[in-house]
file model.json (JSON, C-alpha atoms)
[["chain", "number", "residue", "atom", "x", "y", "z"],
["A", 1, "MET", "CA", 43.07, 3.95, -10.19],
["A", 2, "THR", "CA", 44.27, 0.58, -8.95],
["A", 3, "THR", "CA", 44.51, -0.57, -5.32],
["A", 4, "GLU", "CA", 46.82, -3.23, -3.90],
["A", 5, "SER", "CA", 45.39, -6.02, -1.80],
["A", 6, "ARG", "CA", 45.29, -5.22, 1.90],
["A", 7, "ARG", "CA", 47.63, -8.03, 2.90],
["A", 8, "SER", "CA", 50.30, -7.28, 0.28],
["A", 9, "PHE", "CA", 50.20, -3.61, 1.25],
["A", 10, "LEU", "CA", 50.61, -4.47, 4.93],
["A", 11, "GLU", "CA", 53.57, -6.70, 4.17],
["A", 12, "ARG", "CA", 55.10, -4.11, 1.86],
["A", 13, "MET", "CA", 54.88, -1.39, 4.46],
["A", 14, "GLY", "CA", 56.33, -3.64, 7.17],
["A", 15, "MET", "CA", 53.42, -2.95, 9.52],
["A", 16, "LEU", "CA", 52.48, -6.43, 10.66],
["A", 17, "GLY", "CA", 55.28, -6.67, 13.21],
["A", 18, "ALA", "CA", 54.68, -3.14, 14.42],
["A", 19, "VAL", "CA", 51.00, -3.78, 15.02],
["A", 20, "ALA", "CA", 51.84, -6.95, 16.93],
["A", 21, "ALA", "CA", 54.26, -4.96, 19.07],
["A", 22, "ALA", "CA", 51.54, -2.42, 19.85],
["A", 23, "LEU", "CA", 49.19, -5.15, 20.98],
["A", 24, "THR", "CA", 51.81, -6.34, 23.49],
["A", 25, "GLY", "CA", 52.55, -2.87, 24.80],
["A", 26, "GLY", "CA", 55.37, -1.98, 22.44],
["A", 27, "ARG", "CA", 53.94, 1.36, 21.32],
["A", 28, "ARG", "CA", 56.27, 4.24, 20.58],
["A", 29, "THR", "CA", 55.44, 7.93, 20.57],
["A", 30, "LEU", "CA", 55.98, 10.17, 17.56],
["A", 31, "ALA", "CA", 58.68, 12.03, 19.44],
["A", 32, "GLN", "CA", 60.52, 8.79, 20.24],
["A", 33, "ALA", "CA", 60.37, 7.67, 16.62],
["A", 34, "ALA", "CA", 61.91, 10.94, 15.49],
["A", 35, "ASP", "CA", 64.99, 10.13, 17.60],
["A", 36, "GLU", "CA", 65.29, 6.51, 16.48],
["A", 37, "PRO", "CA", 67.32, 5.18, 13.54],
["A", 38, "PRO", "CA", 65.36, 4.56, 10.34],
["A", 39, "ALA", "CA", 63.45, 1.31, 9.92],
["A", 40, "ASN", "CA", 65.62, 0.35, 6.93],
["A", 41, "PRO", "CA", 69.19, 1.19, 8.10],
["A", 42, "GLN", "CA", 70.65, -0.65, 5.09],
["A", 43, "GLY", "CA", 68.54, 1.30, 2.61],
["A", 44, "PRO", "CA", 69.57, 4.40, 0.70],
["A", 45, "ALA", "CA", 69.67, 7.76, 2.46],
["A", 46, "TRP", "CA", 66.68, 10.01, 1.88],
["A", 47, "ARG", "CA", 65.36, 13.44, 2.71],
["A", 48, "VAL", "CA", 62.22, 15.38, 1.76],
["A", 49, "ASP", "CA", 61.43, 19.05, 2.45],
["A", 50, "GLY", "CA", 58.16, 20.75, 1.73],
["A", 51, "ILE", "CA", 54.73, 21.82, 2.94],
["A", 52, "TYR", "CA", 52.35, 19.90, 5.21],
["A", 53, "ALA", "CA", 48.62, 20.47, 5.80],
["A", 54, "GLU", "CA", 45.83, 18.62, 7.57],
["A", 55, "ALA", "CA", 42.16, 18.84, 8.44],
["A", 56, "CYS", "CA", 40.38, 16.76, 11.08],
["A", 57, "SER", "CA", 36.98, 16.33, 12.71],
["A", 58, "CYS", "CA", 37.95, 18.00, 16.01],
["A", 59, "ASP", "CA", 36.76, 21.44, 17.03],
["A", 60, "VAL", "CA", 39.42, 24.14, 16.94],
["A", 61, "MET", "CA", 41.90, 23.67, 18.57],
["A", 62, "CYS", "CA", 42.38, 19.91, 18.31],
["A", 63, "PRO", "CA", 43.15, 18.36, 21.74],
["A", 64, "CYS", "CA", 44.71, 15.26, 20.14],
["A", 65, "VAL", "CA", 48.05, 17.05, 19.67],
["A", 66, "LEU", "CA", 48.09, 17.52, 23.46],
["A", 67, "ALA", "CA", 47.45, 13.77, 23.89],
["A", 68, "GLY", "CA", 43.81, 14.41, 24.82],
["A", 69, "PRO", "CA", 40.66, 12.72, 23.48],
["A", 70, "PRO", "CA", 39.13, 14.01, 20.23],
["A", 71, "THR", "CA", 36.26, 16.45, 20.68],
["A", 72, "GLN", "CA", 33.80, 14.26, 18.74],
["A", 73, "GLY", "CA", 34.90, 11.05, 20.46],
["A", 74, "TYR", "CA", 36.46, 9.86, 17.19],
["A", 75, "CYS", "CA", 38.89, 11.30, 14.66],
["A", 76, "LYS", "CA", 38.58, 11.56, 10.90],
["A", 77, "ALA", "CA", 41.61, 13.26, 9.43],
["A", 78, "LEU", "CA", 43.15, 14.01, 6.06],
["A", 79, "LEU", "CA", 46.90, 14.70, 5.95],
["A", 80, "ALA", "CA", 48.81, 15.90, 2.89],
["A", 81, "TRP", "CA", 52.41, 16.62, 1.94],
["A", 82, "HIS", "CA", 53.85, 18.55, -1.00],
["A", 83, "VAL", "CA", 57.53, 17.81, -1.59],
["A", 84, "ASP", "CA", 59.43, 20.90, -2.71],
["A", 85, "ARG", "CA", 62.79, 19.10, -2.74],
["A", 86, "GLY", "CA", 63.51, 15.49, -2.01],
["A", 87, "SER", "CA", 65.21, 12.27, -2.96],
["A", 88, "LEU", "CA", 65.59, 8.68, -1.87],
["A", 89, "GLY", "CA", 69.00, 7.55, -3.03],
["A", 90, "GLU", "CA", 69.21, 8.59, -6.68],
["A", 91, "THR", "CA", 65.42, 8.87, -7.03],
["A", 92, "ARG", "CA", 64.27, 12.48, -7.20],
["A", 93, "LEU", "CA", 60.92, 13.35, -5.60],
["A", 94, "ASP", "CA", 60.66, 17.10, -6.26],
["A", 95, "GLY", "CA", 57.13, 18.40, -6.83],
["A", 96, "PHE", "CA", 55.19, 15.27, -5.87],
["A", 97, "ASN", "CA", 52.23, 15.06, -3.45],
["A", 98, "SER", "CA", 50.92, 12.41, -1.07],
["A", 99, "MET", "CA", 47.83, 12.16, 1.13],
["A", 100, "LEU", "CA", 46.93, 9.93, 4.06],
["A", 101, "THR", "CA", 43.41, 9.26, 5.33],
["A", 102, "ILE", "CA", 43.01, 8.34, 9.00],
["A", 103, "SER", "CA", 39.82, 7.13, 10.68],
["A", 104, "SER", "CA", 40.25, 6.49, 14.40],
["A", 105, "PRO", "CA", 37.32, 5.12, 16.46],
["A", 106, "GLY", "CA", 38.39, 6.88, 19.66],
["A", 107, "HIS", "CA", 41.45, 8.36, 21.34],
["A", 108, "LEU", "CA", 44.19, 8.56, 18.72],
["A", 109, "LEU", "CA", 46.88, 7.06, 20.92],
["A", 110, "LYS", "CA", 44.75, 3.98, 21.65],
["A", 111, "GLY", "CA", 44.99, 2.93, 18.00],
["A", 112, "GLY", "CA", 42.45, 1.02, 15.97],
["A", 113, "TRP", "CA", 43.04, 3.29, 12.96],
["A", 114, "LYS", "CA", 41.89, 2.60, 9.44],
["A", 115, "VAL", "CA", 44.18, 4.30, 6.92],
["A", 116, "ALA", "CA", 44.58, 4.73, 3.18],
["A", 117, "LEU", "CA", 47.59, 6.24, 1.42],
["A", 118, "TYR", "CA", 47.50, 8.04, -1.93],
["A", 119, "VAL", "CA", 50.65, 8.84, -3.90],
["A", 120, "ASP", "CA", 51.14, 11.08, -6.91],
["A", 121, "GLU", "CA", 50.14, 9.37, -10.17],
["A", 122, "ARG", "CA", 52.64, 11.55, -12.07],
["A", 123, "ALA", "CA", 55.49, 9.68, -10.39],
["A", 124, "SER", "CA", 57.21, 6.72, -12.00],
["A", 125, "PRO", "CA", 56.84, 3.30, -10.34],
["A", 126, "THR", "CA", 60.21, 3.80, -8.63],
["A", 127, "GLN", "CA", 59.22, 7.25, -7.41],
["A", 128, "ARG", "CA", 55.86, 5.93, -6.18],
["A", 129, "ASP", "CA", 57.64, 3.24, -4.19],
["A", 130, "ALA", "CA", 59.85, 5.92, -2.64],
["A", 131, "LEU", "CA", 56.88, 8.13, -1.76],
["A", 132, "ALA", "CA", 54.99, 5.18, -0.29],
["A", 133, "GLY", "CA", 57.99, 4.17, 1.81],
["A", 134, "ILE", "CA", 58.51, 7.66, 3.20],
["A", 135, "PHE", "CA", 54.89, 8.64, 3.86],
["A", 136, "SER", "CA", 53.90, 5.25, 5.28],
["A", 137, "GLY", "CA", 56.83, 5.30, 7.72],
["A", 138, "LYS", "CA", 58.37, 2.17, 6.18],
["A", 139, "ALA", "CA", 61.50, 4.18, 5.40],
["A", 140, "GLY", "CA", 61.79, 5.35, 9.04],
["A", 141, "GLY", "CA", 61.57, 8.88, 10.38],
["A", 142, "PRO", "CA", 58.70, 10.37, 12.43],
["A", 143, "LEU", "CA", 55.94, 8.61, 10.50],
["A", 144, "ALA", "CA", 57.28, 5.19, 11.52],
["A", 145, "ALA", "CA", 55.53, 5.73, 14.87],
["A", 146, "LEU", "CA", 52.11, 5.57, 13.22],
["A", 147, "ALA", "CA", 52.38, 1.88, 12.37],
["A", 148, "PRO", "CA", 51.54, 0.45, 15.82],
["A", 149, "LEU", "CA", 48.34, 2.49, 15.89],
["A", 150, "ILE", "CA", 47.00, 1.04, 12.63],
["A", 151, "ALA", "CA", 44.47, -1.79, 12.73],
["A", 152, "GLU", "CA", 43.61, -1.90, 9.02],
["A", 153, "VAL", "CA", 45.26, -0.60, 5.86],
["A", 154, "LEU", "CA", 42.61, 0.00, 3.22],
["A", 155, "GLY", "CA", 44.89, 0.62, 0.26],
["A", 156, "LEU", "CA", 47.75, 2.31, -1.52],
["A", 157, "THR", "CA", 46.48, 4.18, -4.56],
["A", 158, "PRO", "CA", 48.22, 6.22, -7.27],
["A", 159, "ALA", "CA", 46.03, 9.29, -7.80],
["A", 160, "ARG", "CA", 45.89, 12.80, -9.16],
["A", 161, "ILE", "CA", 46.71, 14.90, -6.10],
["A", 162, "GLY", "CA", 46.60, 18.69, -6.00],
["A", 163, "PHE", "CA", 48.20, 20.93, -3.39],
["A", 164, "VAL", "CA", 47.95, 24.74, -3.10],
["A", 165, "ALA", "CA", 49.74, 27.08, -0.66],
["A", 166, "ASP", "CA", 48.56, 30.68, -0.88],
["A", 167, "GLY", "CA", 49.11, 33.04, 2.02],
["A", 168, "LYS", "CA", 47.09, 31.79, 5.01],
["A", 169, "ARG", "CA", 45.31, 29.24, 2.82],
["A", 170, "ARG", "CA", 46.25, 25.62, 2.20],
["A", 171, "ALA", "CA", 44.19, 23.37, -0.06],
["A", 172, "PHE", "CA", 44.67, 19.82, -1.29],
["A", 173, "SER", "CA", 42.63, 17.28, -3.18],
["A", 174, "VAL", "CA", 42.60, 13.75, -4.51],
["A", 175, "SER", "CA", 40.61, 13.54, -7.71],
["A", 176, "GLY", "CA", 37.21, 11.99, -7.09],
["A", 177, "VAL", "CA", 38.09, 11.20, -3.46],
["A", 178, "ALA", "CA", 38.96, 14.21, -1.27],
["A", 179, "ASP", "CA", 38.75, 18.00, -1.26],
["A", 180, "VAL", "CA", 40.19, 20.06, 1.61],
["A", 181, "GLU", "CA", 40.80, 23.72, 2.35],
["A", 182, "VAL", "CA", 42.06, 25.20, 5.63],
["A", 183, "VAL", "CA", 42.75, 28.85, 6.47],
["A", 184, "GLY", "CA", 45.10, 30.01, 9.20],
["A", 185, "ILE", "CA", 43.50, 31.69, 12.20],
["A", 186, "GLU", "CA", 44.55, 35.28, 12.76],
["A", 187, "GLY", "CA", 46.09, 35.96, 16.15],
["A", 188, "GLN", "CA", 47.08, 39.13, 17.98],
["A", 189, "GLY", "CA", 48.49, 41.80, 15.72],
["A", 190, "GLY", "CA", 47.39, 39.85, 12.68],
["A", 191, "LYS", "CA", 50.03, 37.21, 13.29],
["A", 192, "PRO", "CA", 49.35, 33.49, 12.89],
["A", 193, "VAL", "CA", 48.43, 31.34, 15.89],
["A", 194, "LEU", "CA", 51.22, 28.83, 16.39],
["A", 195, "ILE", "CA", 51.61, 25.59, 18.31],
["A", 196, "GLU", "CA", 55.14, 24.37, 18.98],
["A", 197, "ASN", "CA", 56.55, 21.16, 20.50],
["A", 198, "PRO", "CA", 53.19, 19.47, 21.24],
["A", 199, "PRO", "CA", 53.33, 15.90, 22.61],
["A", 200, "VAL", "CA", 51.83, 14.50, 19.39],
["A", 201, "SER", "CA", 52.82, 15.74, 15.95],
["A", 202, "VAL", "CA", 53.64, 14.36, 12.51],
["A", 203, "VAL", "CA", 55.93, 17.36, 11.98],
["A", 204, "PRO", "CA", 58.10, 17.26, 15.13],
["A", 205, "GLY", "CA", 60.43, 20.17, 15.74],
["A", 206, "VAL", "CA", 58.41, 22.58, 13.57],
["A", 207, "ALA", "CA", 55.88, 25.19, 14.71],
["A", 208, "SER", "CA", 52.47, 24.59, 13.10],
["A", 209, "VAL", "CA", 49.91, 27.23, 12.18],
["A", 210, "VAL", "CA", 46.49, 26.62, 13.74],
["A", 211, "ALA", "CA", 43.83, 26.76, 11.05],
["A", 212, "ARG", "CA", 40.12, 26.24, 10.48],
["A", 213, "SER", "CA", 38.66, 24.17, 7.65],
["A", 214, "THR", "CA", 36.29, 25.71, 5.12],
["A", 215, "ARG", "CA", 35.72, 22.23, 3.66],
["A", 216, "ALA", "CA", 37.03, 18.71, 4.18],
["A", 217, "THR", "CA", 35.31, 15.97, 2.21],
["A", 218, "TYR", "CA", 36.28, 12.35, 1.64],
["A", 219, "SER", "CA", 34.65, 9.37, -0.07],
["A", 220, "ASP", "CA", 36.50, 6.09, -0.66],
["A", 221, "HIS", "CA", 36.88, 2.61, 0.85],
["A", 222, "ASP", "CA", 33.26, 2.67, 2.11],
["A", 223, "MET", "CA", 33.98, 5.78, 4.18],
["A", 224, "THR", "CA", 32.30, 9.11, 3.45],
["A", 225, "TRP", "CA", 32.36, 12.35, 5.38],
["A", 226, "SER", "CA", 31.94, 16.07, 4.83],
["A", 227, "GLN", "CA", 32.93, 18.57, 7.49],
["A", 228, "SER", "CA", 33.77, 22.25, 7.77],
["A", 229, "ASP", "CA", 34.55, 24.83, 10.44],
["A", 230, "LYS", "CA", 36.75, 22.23, 12.13],
["A", 231, "ASN", "CA", 40.42, 22.05, 13.07],
["A", 232, "GLY", "CA", 43.34, 22.31, 10.69],
["A", 233, "PHE", "CA", 47.10, 22.74, 10.83],
["A", 234, "PHE", "CA", 49.81, 23.55, 8.32],
["A", 235, "SER", "CA", 53.56, 23.97, 8.40],
["A", 236, "ALA", "CA", 56.80, 23.30, 6.66],
["A", 237, "PHE", "CA", 58.23, 19.82, 7.11],
["A", 238, "THR", "CA", 61.56, 18.04, 6.83],
["A", 239, "TYR", "CA", 61.82, 14.26, 7.08],
["A", 240, "ALA", "CA", 65.09, 12.40, 6.67],
["A", 241, "SER", "CA", 66.65, 8.98, 7.11],
["A", 242, "SER", "CA", 69.23, 10.31, 9.55]]
call {"tool": "encode", "arguments": {"input": "model.json", "output": "structure tokens"}}
result
Amino acid sequence: MTTESRRSFLERMGMLGAVAAALTGGRRTLAQAADEPPANPQGPAWRVDGIYAEACSCDVMCPCVLAGPPTQGYCKALLAWHVDRGSLGETRLDGFNSMLTISSPGHLLKGGWKVALYVDERASPTQRDALAGIFSGKAGGPLAALAPLIAEVLGLTPARIGFVADGKRRAFSVSGVADVEVVGIEGQGGKPVLIENPPVSVVPGVASVVARSTRATYSDHDMTWSQSDKNGFFSAFTYASS
């Protein structure tokens, strides 16, 4: 696997200006970003639909989605997307996976994040660029609001990424780097426990299933952690340029 230099990745993702804006009080919320025009209004139209899953270091249920402080005082999270159907312009993205690592030293909305993005190695260079643009927020949409919270981008890496959706179970992995499984919590009558319209969400407008991790391990970029019996979420997702 190869990794771009930190500076070239920052410039490519268009994050330098966003981080500067955050430092001067120009932070946006995820909900606001979802209502804003895309960051590249002259670029090709895009849309991706699929399955989202995450695991984090908070106890169940994670207070960060309610704009509260993380239960451990910090947040270590792994977020993954499987694209069922998608395209950016003429570039098809069906079947590809991406994963984002987030390490936040304190309250999520106070920033200081270290992040690393992994995109599907099966994709062509053009498809990888499209995936990186969409799941970094460079292409606009809800994920564009993450940029002001990021202090350091550790890398963009093509990788073998697996994603499994099976009943109440969601699992994803990056070969040699990450391995995650979360299982939905059973609510009254055997129905899933849902959270809808929280103040903070990377899947705005969609109800998420509250889950518990059976495992969540990560080792890359001088960061290593292994956690289980912690918070998870999963849902469908739709992101689009307009």
call {"tool": "closest_residue", "arguments": {"input": "model.json", "among": "A:Val177, A:Leu117, A:Ile150, A:Ile134", "to": "Thr238 (chain A)", "atoms": "all atoms listed in the file"}}
result
A:Ile134
call {"tool": "closest_residue", "arguments": {"input": "model.json", "among": "A:Val180, A:Met99, A:Ala77, A:Ala45", "to": "Cys58 (chain A)", "atoms": "all atoms listed in the file"}}
result
A:Ala77
call {"tool": "closest_residue", "arguments": {"input": "model.json", "among": "A:Pro198, A:Gly232, A:Pro204, A:Pro44", "to": "Leu66 (chain A)", "atoms": "all atoms listed in the file"}}
result
A:Pro198
call {"tool": "closest_residue", "arguments": {"input": "model.json", "among": "A:Tyr239, A:Tyr218, A:Phe163, A:Trp225", "to": "Ala80 (chain A)", "atoms": "all atoms listed in the file"}}
result
A:Phe163
call {"tool": "atom_distance", "arguments": {"input": "model.json", "atom1": "CA of Leu88 (chain A)", "atom2": "CA of Phe237 (chain A)"}}
result
16.1 Å
call {"tool": "residues_around", "arguments": {"input": "model.json", "residues": "region 111-116 of chain A", "least_positions_apart": "3", "cutoff": "7 Å", "atoms": "all atoms listed in the file", "output": "PDB file with C-alpha atoms, keeping the file's coordinate frame"}}
result
ATOM      1  CA  LEU A 100      46.930   9.930   4.060  1.00  0.00           C
ATOM      2  CA  THR A 101      43.410   9.260   5.330  1.00  0.00           C
ATOM      3  CA  ILE A 102      43.010   8.340   9.000  1.00  0.00           C
ATOM      4  CA  SER A 103      39.820   7.130  10.680  1.00  0.00           C
ATOM      5  CA  SER A 104      40.250   6.490  14.400  1.00  0.00           C
ATOM      6  CA  PRO A 105      37.320   5.120  16.460  1.00  0.00           C
ATOM      7  CA  LEU A 108      44.190   8.560  18.720  1.00  0.00           C
ATOM      8  CA  LEU A 149      48.340   2.490  15.890  1.00  0.00           C
ATOM      9  CA  ILE A 150      47.000   1.040  12.630  1.00  0.00           C
ATOM     10  CA  ALA A 151      44.470  -1.790  12.730  1.00  0.00           C
ATOM     11  CA  GLU A 152      43.610  -1.900   9.020  1.00  0.00           C
ATOM     12  CA  VAL A 153      45.260  -0.600   5.860  1.00  0.00           C
ATOM     13  CA  LEU A 154      42.610   0.000   3.220  1.00  0.00           C
ATOM     14  CA  GLY A 155      44.890   0.620   0.260  1.00  0.00           C
ATOM     15  CA  LEU A 156      47.750   2.310  -1.520  1.00  0.00           C
TER      16      LEU A 156
END
call {"tool": "atom_distance", "arguments": {"input": "model.json", "atom1": "CA of Gly43 (chain A)", "atom2": "CA of Ala139 (chain A)"}}
result
8.1 Å
call {"tool": "atom_distance", "arguments": {"input": "model.json", "atom1": "CA of Ala159 (chain A)", "atom2": "CA of Ser175 (chain A)"}}
result
6.9 Å
call {"tool": "closest_residue", "arguments": {"input": "model.json", "among": "A:Tyr74, A:Phe135, A:Tyr52, A:Phe96", "to": "Val203 (chain A)", "atoms": "all atoms listed in the file"}}
result
A:Tyr52
call {"tool": "closest_residue", "arguments": {"input": "model.json", "among": "A:Val200, A:Tyr118, A:Pro158, A:Asn97", "to": "Ala67 (chain A)", "atoms": "all atoms listed in the file"}}
result
A:Val200
